[in-house]
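To be precise, the following lines are entry.pdb, and they hold PDB, C-alpha atoms.
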```pdb
ATOM      1  CA  MET A1097     -98.367  23.588 -48.326
ATOM      2  CA  GLN A1098     -95.896  20.861 -47.888
ATOM      3  CA  HIS A1099     -92.565  21.752 -46.444
ATOM      4  CA  THR A1100     -89.625  19.741 -47.473
ATOM      5  CA  SER A1101     -86.577  19.634 -45.238
ATOM      6  CA  SER A1102     -83.345  20.556 -46.857
ATOM      7  CA  PRO A1103     -80.658  17.896 -46.810
ATOM      8  CA  PRO A1104     -78.066  18.286 -44.061
ATOM      9  CA  THR A1105     -75.026  20.246 -44.953
ATOM     10  CA  PRO A1106     -72.004  17.943 -45.098
ATOM     11  CA  ALA A1107     -69.260  18.603 -42.554
ATOM     12  CA  ASP A1108     -66.436  20.832 -43.570
ATOM     13  CA  PRO A1109     -63.623  18.480 -44.668
ATOM     14  CA  SER A1110     -60.963  21.077 -43.836
ATOM     15  CA  PRO A1111     -59.129  20.429 -40.530
ATOM     16  CA  PRO A1112     -59.977  22.622 -37.565
ATOM     17  CA  ARG A1113     -57.850  25.691 -37.110
ATOM     18  CA  ILE A1114     -55.312  25.554 -34.288
ATOM     19  CA  THR A1115     -54.975  28.801 -32.489
ATOM     20  CA  ARG A1116     -51.666  30.150 -31.251
ATOM     21  CA  ARG A1117     -52.790  29.620 -27.663
ATOM     22  CA  HIS A1118     -53.458  25.915 -28.248
ATOM     23  CA  ALA A1119     -50.106  25.481 -29.975
ATOM     24  CA  LEU A1120     -48.224  27.064 -27.075
ATOM     25  CA  ILE A1121     -50.081  24.915 -24.531
ATOM     26  CA  GLY A1122     -49.276  21.728 -26.467
ATOM     27  CA  LEU A1123     -45.628  22.690 -26.873
ATOM     28  CA  ALA A1124     -45.289  23.410 -23.133
ATOM     29  CA  ALA A1125     -46.834  20.049 -22.271
ATOM     30  CA  LEU A1126     -44.512  18.260 -24.668
ATOM     31  CA  LEU A1127     -41.430  19.944 -23.215
ATOM     32  CA  ALA A1128     -42.534  19.198 -19.667
ATOM     33  CA  GLN A1129     -43.035  15.530 -20.487
ATOM     34  CA  ALA A1130     -39.657  15.309 -22.199
ATOM     35  CA  GLY A1131     -37.970  16.933 -19.214
ATOM     36  CA  PHE A1132     -39.683  14.544 -16.825
ATOM     37  CA  TRP A1133     -38.517  11.411 -18.596
ATOM     38  CA  SER A1134     -34.988  12.759 -19.080
ATOM     39  CA  ASN A1135     -34.620  13.395 -15.354
ATOM     40  CA  PRO A1136     -32.800  10.411 -13.798
ATOM     41  CA  LEU A1137     -34.626  11.002 -10.517
ATOM     42  CA  SER A1138     -38.003  10.452 -12.177
ATOM     43  CA  ALA A1139     -37.074   6.979 -13.387
ATOM     44  CA  ALA A1140     -37.678   4.021 -11.159
ATOM     45  CA  ALA A1141     -34.572   2.973  -9.305
ATOM     46  CA  PRO A1142     -33.158  -0.265 -10.685
ATOM     47  CA  ALA A1143     -32.945  -3.245  -8.439
ATOM     48  CA  ALA A1144     -29.800  -3.190  -6.363
ATOM     49  CA  THR A1145     -27.171  -5.594  -7.561
ATOM     50  CA  PRO A1146     -25.617  -7.474  -4.681
ATOM     51  CA  VAL A1147     -21.942  -6.675  -4.327
ATOM     52  CA  ALA A1148     -19.813  -9.740  -3.991
ATOM     53  CA  GLY A1149     -17.585  -9.842  -0.963
ATOM     54  CA  PRO A1150     -13.827 -10.181  -1.148
ATOM     55  CA  ALA A1151     -12.464 -13.368  -2.565
ATOM     56  CA  PRO A1152     -11.207 -15.848   0.028
ATOM     57  CA  GLY A1153      -7.642 -15.225  -1.093
ATOM     58  CA  SER A1154      -8.026 -11.453  -0.704
ATOM     59  CA  LEU A1155      -9.567 -11.780   2.743
ATOM     60  CA  LEU A1156      -6.795 -14.158   3.783
ATOM     61  CA  PHE A1157      -4.108 -11.791   2.536
ATOM     62  CA  TYR A1158      -5.680  -8.828   4.329
ATOM     63  CA  THR A1159      -5.862 -10.730   7.627
ATOM     64  CA  LEU A1160      -2.315 -11.959   7.172
ATOM     65  CA  SER A1161      -1.114  -8.434   6.431
ATOM     66  CA  GLN A1162      -2.673  -7.167   9.651
ATOM     67  CA  ALA A1163      -0.987  -9.900  11.665
ATOM     68  CA  ILE A1164       2.488  -9.671  10.150
ATOM     69  CA  THR A1165       2.671  -5.837  10.198
ATOM     70  CA  GLY A1166       0.928  -5.325  13.531
ATOM     71  CA  HIS A1167      -1.371  -2.665  12.022
ATOM     72  CA  GLN A1168      -5.119  -3.214  12.074
ATOM     73  CA  ASP A1169      -6.094  -0.098  10.093
ATOM     74  CA  LEU A1170      -4.739  -1.161   6.722
ATOM     75  CA  ARG A1171      -6.717  -0.212   3.633
ATOM     76  CA  THR A1172      -8.406  -3.070   1.808
ATOM     77  CA  GLU A1173      -7.800  -1.403  -1.570
ATOM     78  CA  THR A1174      -4.052  -1.267  -0.949
ATOM     79  CA  ALA A1175      -4.062  -4.876   0.233
ATOM     80  CA  ALA A1176      -5.742  -5.942  -3.005
ATOM     81  CA  ARG A1177      -3.118  -4.105  -5.097
ATOM     82  CA  ILE A1178      -0.244  -5.612  -3.131
ATOM     83  CA  GLU A1179      -1.685  -9.102  -3.454
ATOM     84  CA  HIS A1180      -2.250  -8.673  -7.184
ATOM     85  CA  ALA A1181       1.360  -7.539  -7.701
ATOM     86  CA  MET A1182       2.733 -10.343  -5.537
ATOM     87  CA  ARG A1183       0.895 -12.989  -7.506
ATOM     88  CA  SER A1184       2.892 -11.845 -10.529
ATOM     89  CA  ASN A1185       6.232 -11.011  -8.900
ATOM     90  CA  VAL A1186       6.653 -13.536  -6.084
ATOM     91  CA  PRO A1187       7.247 -17.141  -7.212
ATOM     92  CA  GLY A1188       5.074 -19.666  -5.405
ATOM     93  CA  PHE A1189       2.879 -16.969  -3.870
ATOM     94  CA  ALA A1190      -0.410 -18.782  -4.542
ATOM     95  CA  ALA A1191       0.855 -21.992  -2.916
ATOM     96  CA  HIS A1192       2.592 -20.409   0.087
ATOM     97  CA  LEU A1193      -0.140 -17.903   1.005
ATOM     98  CA  PRO A1194      -2.566 -20.476   2.503
ATOM     99  CA  GLN A1195       0.306 -22.154   4.353
ATOM    100  CA  LEU A1196       1.423 -18.879   5.900
ATOM    101  CA  GLY A1197      -2.148 -17.907   6.694
ATOM    102  CA  ALA A1198      -2.664 -21.158   8.581
ATOM    103  CA  LEU A1199      -0.013 -20.031  11.082
ATOM    104  CA  VAL A1200      -1.935 -16.897  12.079
ATOM    105  CA  LYS A1201      -3.503 -16.980  15.551
ATOM    106  CA  THR A1202      -5.783 -14.481  17.240
ATOM    107  CA  GLY A1203      -3.831 -11.867  19.177
ATOM    108  CA  GLN A1204      -0.521 -13.265  17.965
ATOM    109  CA  PRO A1205       2.377 -10.758  17.922
ATOM    110  CA  ALA A1206       4.039 -10.222  14.571
ATOM    111  CA  LYS A1207       7.383 -11.551  15.814
ATOM    112  CA  ASP A1208       5.747 -14.821  16.908
ATOM    113  CA  LEU A1209       4.169 -15.253  13.483
ATOM    114  CA  LEU A1210       7.534 -14.670  11.835
ATOM    115  CA  ALA A1211       9.167 -17.186  14.167
ATOM    116  CA  ALA A1212       6.496 -19.771  13.336
ATOM    117  CA  ALA A1213       7.000 -19.175   9.611
ATOM    118  CA  THR A1214      10.769 -19.552  10.044
ATOM    119  CA  ASP A1215      10.365 -22.870  11.826
ATOM    120  CA  ALA A1216       7.871 -24.182   9.274
ATOM    121  CA  ASP A1217       9.585 -23.353   5.977
ATOM    122  CA  PRO A1218      12.195 -20.817   4.834
ATOM    123  CA  ALA A1219       9.920 -19.998   1.895
ATOM    124  CA  LEU A1220       7.156 -18.947   4.312
ATOM    125  CA  ARG A1221       9.596 -16.705   6.172
ATOM    126  CA  ALA A1222      10.628 -15.103   2.882
ATOM    127  CA  LEU A1223       6.977 -14.486   1.968
ATOM    128  CA  ALA A1224       6.237 -12.953   5.380
ATOM    129  CA  LEU A1225       9.181 -10.566   5.050
ATOM    130  CA  ALA A1226       8.170  -9.709   1.487
ATOM    131  CA  ILE A1227       4.661  -8.759   2.676
ATOM    132  CA  VAL A1228       6.126  -6.548   5.404
ATOM    133  CA  ALA A1229       8.493  -4.902   2.915
ATOM    134  CA  ALA A1230       5.639  -4.215   0.495
ATOM    135  CA  TRP A1231       3.524  -2.524   3.170
ATOM    136  CA  TYR A1232       6.386  -0.461   4.589
ATOM    137  CA  THR A1233       7.885   0.669   1.281
ATOM    138  CA  GLY A1234       4.680   0.725  -0.779
ATOM    139  CA  THR A1235       6.460  -1.272  -3.481
ATOM    140  CA  VAL A1236       6.389  -4.936  -4.478
ATOM    141  CA  ALA A1237       9.893  -5.851  -5.574
ATOM    142  CA  GLY A1238      10.299  -7.534  -8.923
ATOM    143  CA  ASN A1239      11.994 -10.833  -9.560
ATOM    144  CA  PRO A1240      14.957 -10.438 -11.958
ATOM    145  CA  ALA A1241      14.857 -14.156 -12.683
ATOM    146  CA  ASN A1242      11.538 -13.935 -14.543
ATOM    147  CA  GLY A1243      11.919 -10.337 -15.704
ATOM    148  CA  ALA A1244       9.182  -8.957 -13.431
ATOM    149  CA  ARG A1245       9.506  -5.262 -12.641
ATOM    150  CA  SER A1246       8.914  -3.697  -9.266
ATOM    151  CA  VAL A1247       5.377  -2.338  -8.812
ATOM    152  CA  VAL A1248       4.599   0.787  -6.779
ATOM    153  CA  VAL A1249       1.246   0.238  -5.050
ATOM    154  CA  ALA A1250       1.221   3.111  -2.521
ATOM    155  CA  TYR A1251       3.245   6.144  -1.576
ATOM    156  CA  ALA A1252       1.838   8.445   1.103
ATOM    157  CA  GLU A1253       0.326   5.522   3.034
ATOM    158  CA  ALA A1254       3.526   3.459   3.133
ATOM    159  CA  LEU A1255       3.969   2.330   6.726
ATOM    160  CA  MET A1256       7.575   3.507   6.925
ATOM    161  CA  TYR A1257       6.343   7.094   7.181
ATOM    162  CA  ARG A1258       4.282   6.355  10.284
ATOM    163  CA  THR A1259       7.329   5.762  12.451
ATOM    164  CA  VAL A1260       8.512   9.355  11.938
ATOM    165  CA  ALA A1261       5.123  11.020  11.501
ATOM    166  CA  ASP A1262       5.605  13.054  14.685
ATOM    167  CA  GLY A1263       8.551  14.936  13.228
ATOM    168  CA  GLN A1264       8.721  14.262   9.493
ATOM    169  CA  VAL A1265       6.107  14.498   6.762
ATOM    170  CA  VAL A1266       5.991  12.375   3.638
ATOM    171  CA  PRO A1267       8.778  13.589   1.311
ATOM    172  CA  THR A1268       7.724  16.026  -1.450
ATOM    173  CA  TYR A1269       4.710  17.075   0.646
ATOM    174  CA  CYS A1270       4.542  20.329   2.606
ATOM    175  CA  ASN A1271       4.691  20.421   6.383
ATOM    176  CA  TYR A1272       0.906  20.301   6.608
ATOM    177  CA  GLY A1273       0.825  16.822   5.048
ATOM    178  CA  PRO A1274      -0.741  15.511   1.814
ATOM    179  CA  LEU A1275      -4.051  17.013   0.699
ATOM    180  CA  TRP A1276      -3.778  19.674   3.402
ATOM    181  CA  TRP A1277      -5.944  22.066   1.374
ATOM    182  CA  LEU A1278      -8.989  19.855   1.967
ATOM    183  CA  LYS A1279      -8.964  20.655   5.676
ATOM    184  CA  ALA A1280     -10.597  23.702   7.219
ATOM    185  CA  PRO A1281      -8.185  26.619   7.703
ATOM    186  CA  PRO A1282      -7.101  27.385  11.263
ATOM    187  CA  PRO A1283      -9.095  30.049  13.112
ATOM    188  CA  VAL A1284      -7.886  33.611  12.800
ATOM    189  CA  ARG A1285      -6.527  34.979  16.057
ATOM    190  CA  VAL A1286      -5.357  38.546  16.748
ATOM    191  CA  SER A1287      -2.493  38.836  19.182
ATOM    192  CA  ALA A1288      -2.783  41.284  22.040
ATOM    193  CA  PRO A1289      -0.862  44.550  21.677
ATOM    194  CA  VAL A1290       2.571  44.541  23.229
ATOM    195  CA  ALA A1291       3.682  47.589  25.217
ATOM    196  CA  PRO A1292       6.872  49.096  23.836
ATOM    197  CA  LYS A1293       9.906  48.534  25.939
ATOM    198  CA  PRO A1294      11.911  51.584  27.066
ATOM    199  CA  VAL A1295      14.960  52.160  24.965
ATOM    200  CA  PRO A1296      18.105  52.526  27.101
ATOM    201  CA  ALA A1297      20.268  55.565  26.596
ATOM    202  CA  PRO A1298      23.230  55.012  24.333
ATOM    203  CA  ALA A1299      26.496  54.395  26.072
ATOM    204  CA  THR A1300      28.928  57.313  26.188
ATOM    205  CA  THR A1301      32.493  57.140  24.977
ATOM    206  CA  GLY A1302      35.430  59.006  26.430
ATOM    207  CA  THR A1303      35.394  61.246  29.491
ATOM    208  CA  PRO A1304      32.713  63.963  29.487
ATOM    209  CA  GLU A1305      33.794  67.492  30.480
ATOM    210  CA  PRO A1306      32.393  68.914  33.697
ATOM    211  CA  LYS A1307      29.549  71.353  33.210
ATOM    212  CA  GLY A1308      30.458  75.039  33.489
ATOM    213  CA  LYS A1309      34.098  74.533  32.535
ATOM    214  CA  GLN A1310      35.106  76.815  29.731
ATOM    215  CA  ALA A1311      37.632  75.931  27.183
ATOM    216  CA  GLN A1312      41.054  77.578  27.841
TER
END
```
Go ahead and render the structure in this file as structure tokens.
Amino acid sequence: MQHTSSPPTPADPSPPRITRRHALIGLAALLAQAGFWSNPLSAAAPAATPVAGPAPGSLLFYTLSQAITGHQDLRTETAARIEHAMRSNVPGFAAHLPQLGALVKTGQPAKDLLAAATDADPALRALALAIVAAWYTGTVAGNPANGARSVVVAYAEALMYRTVADGQVVPTYCNYGPLWWLKAPPPVRVSAPVAPKPVPAPATTGTPEPKGKQAQ
């Protein structure tokens, strides 16, 4: 008896069934992957862009400001704002700045620099005094001739408040100084108890009657 093999049953064309467990696993993996790529810490750090140093004019103005004011702890950001305002408000600023900067010497007192500027050119003396005024008042005065308005570049850090800092705070600020709430509060101390002082007897008025004397 000859056996004939039956032809193979064709594969079921319907797609395989996806169970609920498989669907949840796939969804969790998808959400985890999306969260990973959305996290900025997971991305590779971009190459650092070199930060350009201050322009030669800005560095010159900052050094000149230190010399003419006598203060070495000036803020570079404030110096940049003052210089920017002076380039617009002070005529001939760009031409006179290098000339005034050439007079600066290491360890030179401010009064000697001003004297050298006075001897060299009255315009250099005027620029030196204008720089001092801007740092001490926090304002670059405008030039009425060309319609330039005065520019306020600083307030609390104006140098004029340093001269009275031991007894006077910056106006409109409380006695603790600007931004005092950023500092840690003072420690809490409990004062020791104070013993009560004896109260003196009240003073008498008139002449007291002797004891034992009866009224007549």
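Counting all atoms listed in the file and comparing A:Ala1163, A:Val1265, A:Ala1288, A:Ala1224, the residue that lies closest to Val1186 of chain A is A:Ala1224.
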| request: Could you tell me how far atom CA of Ala1212 of chain A lies from atom CA of Leu1199 of chain A, in Å and to one decimal? | output: 6.9 Å
Give me the residues near Phe1189 of chain A as a compact mmCIF listing (two decimals) with C-alpha atoms, keeping the file's coordinate frame, where near means some atom within 12 Å (using only C-alpha atoms) and where sequence neighbours in that chain fewer than 2 positions away do not count.
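Output saved as part18.txt:
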```
# COMPACT_ATOMS: atom_id res chain seq x y z
CA GLY A 1153 -7.64 -15.22 -1.09
CA PHE A 1157 -4.11 -11.79 2.54
CA ILE A 1178 -0.24 -5.61 -3.13
CA GLU A 1179 -1.68 -9.10 -3.45
CA HIS A 1180 -2.25 -8.67 -7.18
CA ALA A 1181 1.36 -7.54 -7.70
CA MET A 1182 2.73 -10.34 -5.54
CA ARG A 1183 0.90 -12.99 -7.51
CA SER A 1184 2.89 -11.84 -10.53
CA ASN A 1185 6.23 -11.01 -8.90
CA VAL A 1186 6.65 -13.54 -6.08
CA PRO A 1187 7.25 -17.14 -7.21
CA ALA A 1191 0.86 -21.99 -2.92
CA HIS A 1192 2.59 -20.41 0.09
CA LEU A 1193 -0.14 -17.90 1.00
CA PRO A 1194 -2.57 -20.48 2.50
CA GLN A 1195 0.31 -22.15 4.35
CA LEU A 1196 1.42 -18.88 5.90
CA GLY A 1197 -2.15 -17.91 6.69
CA ALA A 1219 9.92 -20.00 1.90
CA LEU A 1220 7.16 -18.95 4.31
CA ALA A 1222 10.63 -15.10 2.88
CA LEU A 1223 6.98 -14.49 1.97
CA ALA A 1224 6.24 -12.95 5.38
CA ALA A 1226 8.17 -9.71 1.49
CA ILE A 1227 4.66 -8.76 2.68
```
Please write out, as AutoDock Vina command-line options, where the centre of an axis-aligned box around all listed atoms of segment 1275-1281 of chain A lies and how long its edges are, in Å to one decimal, after adding 6 Å on each side.
```
--center_x -7.2 --center_y 21.8 --center_z 4.2 --size_x 18.8 --size_y 21.6 --size_z 19.0
```
| said: When you look at Leu1255 of chain A with a cut-off of 7 Å (counting all atoms listed in the file), what residues show up, excluding the ones that are within fewer than 6 positions of it in the same chain? I need them as a VMD selection string. | reply: chain A and resid 1231 to 1233
The selected residues should be written to file as an mmCIF file, keeping the file's coordinate frame (atoms: C-alpha atoms).
```cif
data_model
loop_
_atom_site.group_PDB
_atom_site.id
_atom_site.type_symbol
_atom_site.label_atom_id
_atom_site.label_comp_id
_atom_site.auth_asym_id
_atom_site.auth_seq_id
_atom_site.Cartn_x
_atom_site.Cartn_y
_atom_site.Cartn_z
ATOM 1 C CA TRP A 1231 3.524 -2.524 3.170
ATOM 2 C CA TYR A 1232 6.386 -0.461 4.589
ATOM 3 C CA THR A 1233 7.885 0.669 1.281
#
```
| request: Would you work out the distance separating atom CA of Met1256 of chain A from atom CA of Pro1281 of chain A, expressed in Å to one decimal? | output: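 Taking atom CA of Met1256 of chain A and atom CA of Pro1281 of chain A, their separation equals 28.0 Å.
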| So which one's closest to Thr1172 of chain A, A:Thr1268, A:Leu1155, A:Asp1208, A:Lys1293? Using only C-alpha atoms, please. |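 Of A:Thr1268, A:Leu1155, A:Asp1208, A:Lys1293, the one nearest Thr1172 of chain A is A:Leu1155, counting only C-alpha atoms.
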| task | Starting from the displayed file, determine the output of the PyMOL selection byres ((chain A and resi 1202-1206) around 8) and express the residue list as a ChimeraX atom specification. | result | /A:1163-1166,1200-1201,1207-1210
| field | Distance query Ser1246 of chain A at most 9 Å, all atoms listed in the file, self and fewer than 3 positions along chain excluded, as a list in words | value | Ala1181, Asn1185, Thr1235, Val1236, Ala1237, Gly1238 and Asn1239 of chain A
Produce a file of the selected residues containing C-alpha atoms, as a PDB file, keeping the file's coordinate frame.
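Produced file result-v4.pdb, reproduced below:
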```pdb
ATOM      1  CA  ALA A1181       1.360  -7.539  -7.701  1.00  0.00           C
ATOM      2  CA  ASN A1185       6.232 -11.011  -8.900  1.00  0.00           C
ATOM      3  CA  THR A1235       6.460  -1.272  -3.481  1.00  0.00           C
ATOM      4  CA  VAL A1236       6.389  -4.936  -4.478  1.00  0.00           C
ATOM      5  CA  ALA A1237       9.893  -5.851  -5.574  1.00  0.00           C
ATOM      6  CA  GLY A1238      10.299  -7.534  -8.923  1.00  0.00           C
ATOM      7  CA  ASN A1239      11.994 -10.833  -9.560  1.00  0.00           C
TER       8      ASN A1239
END
```
| said: Once the PyMOL selection byres ((chain A and resi 1249) around 7) has been evaluated on this model, what residues remain selected, and can you format them as a list in words? | reply: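 Selection result, ordered by chain and number: Thr1174, Arg1177, Ile1178, Gly1234, Thr1235, Val1247, Val1248 and Ala1250 of chain A.
In this structure, atom CA of Val1266 of chain A sits 25.1 Å away from atom CA of Pro1283 of chain A.
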| request: Tell me which of A:Gly1243, A:Ala1216, A:Pro1298, A:Ala1254 sits closest to Ala1229 of chain A, counting only C-alpha atoms. | output: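 Using only C-alpha atoms, the shortest distance to Ala1229 of chain A belongs to A:Ala1254.
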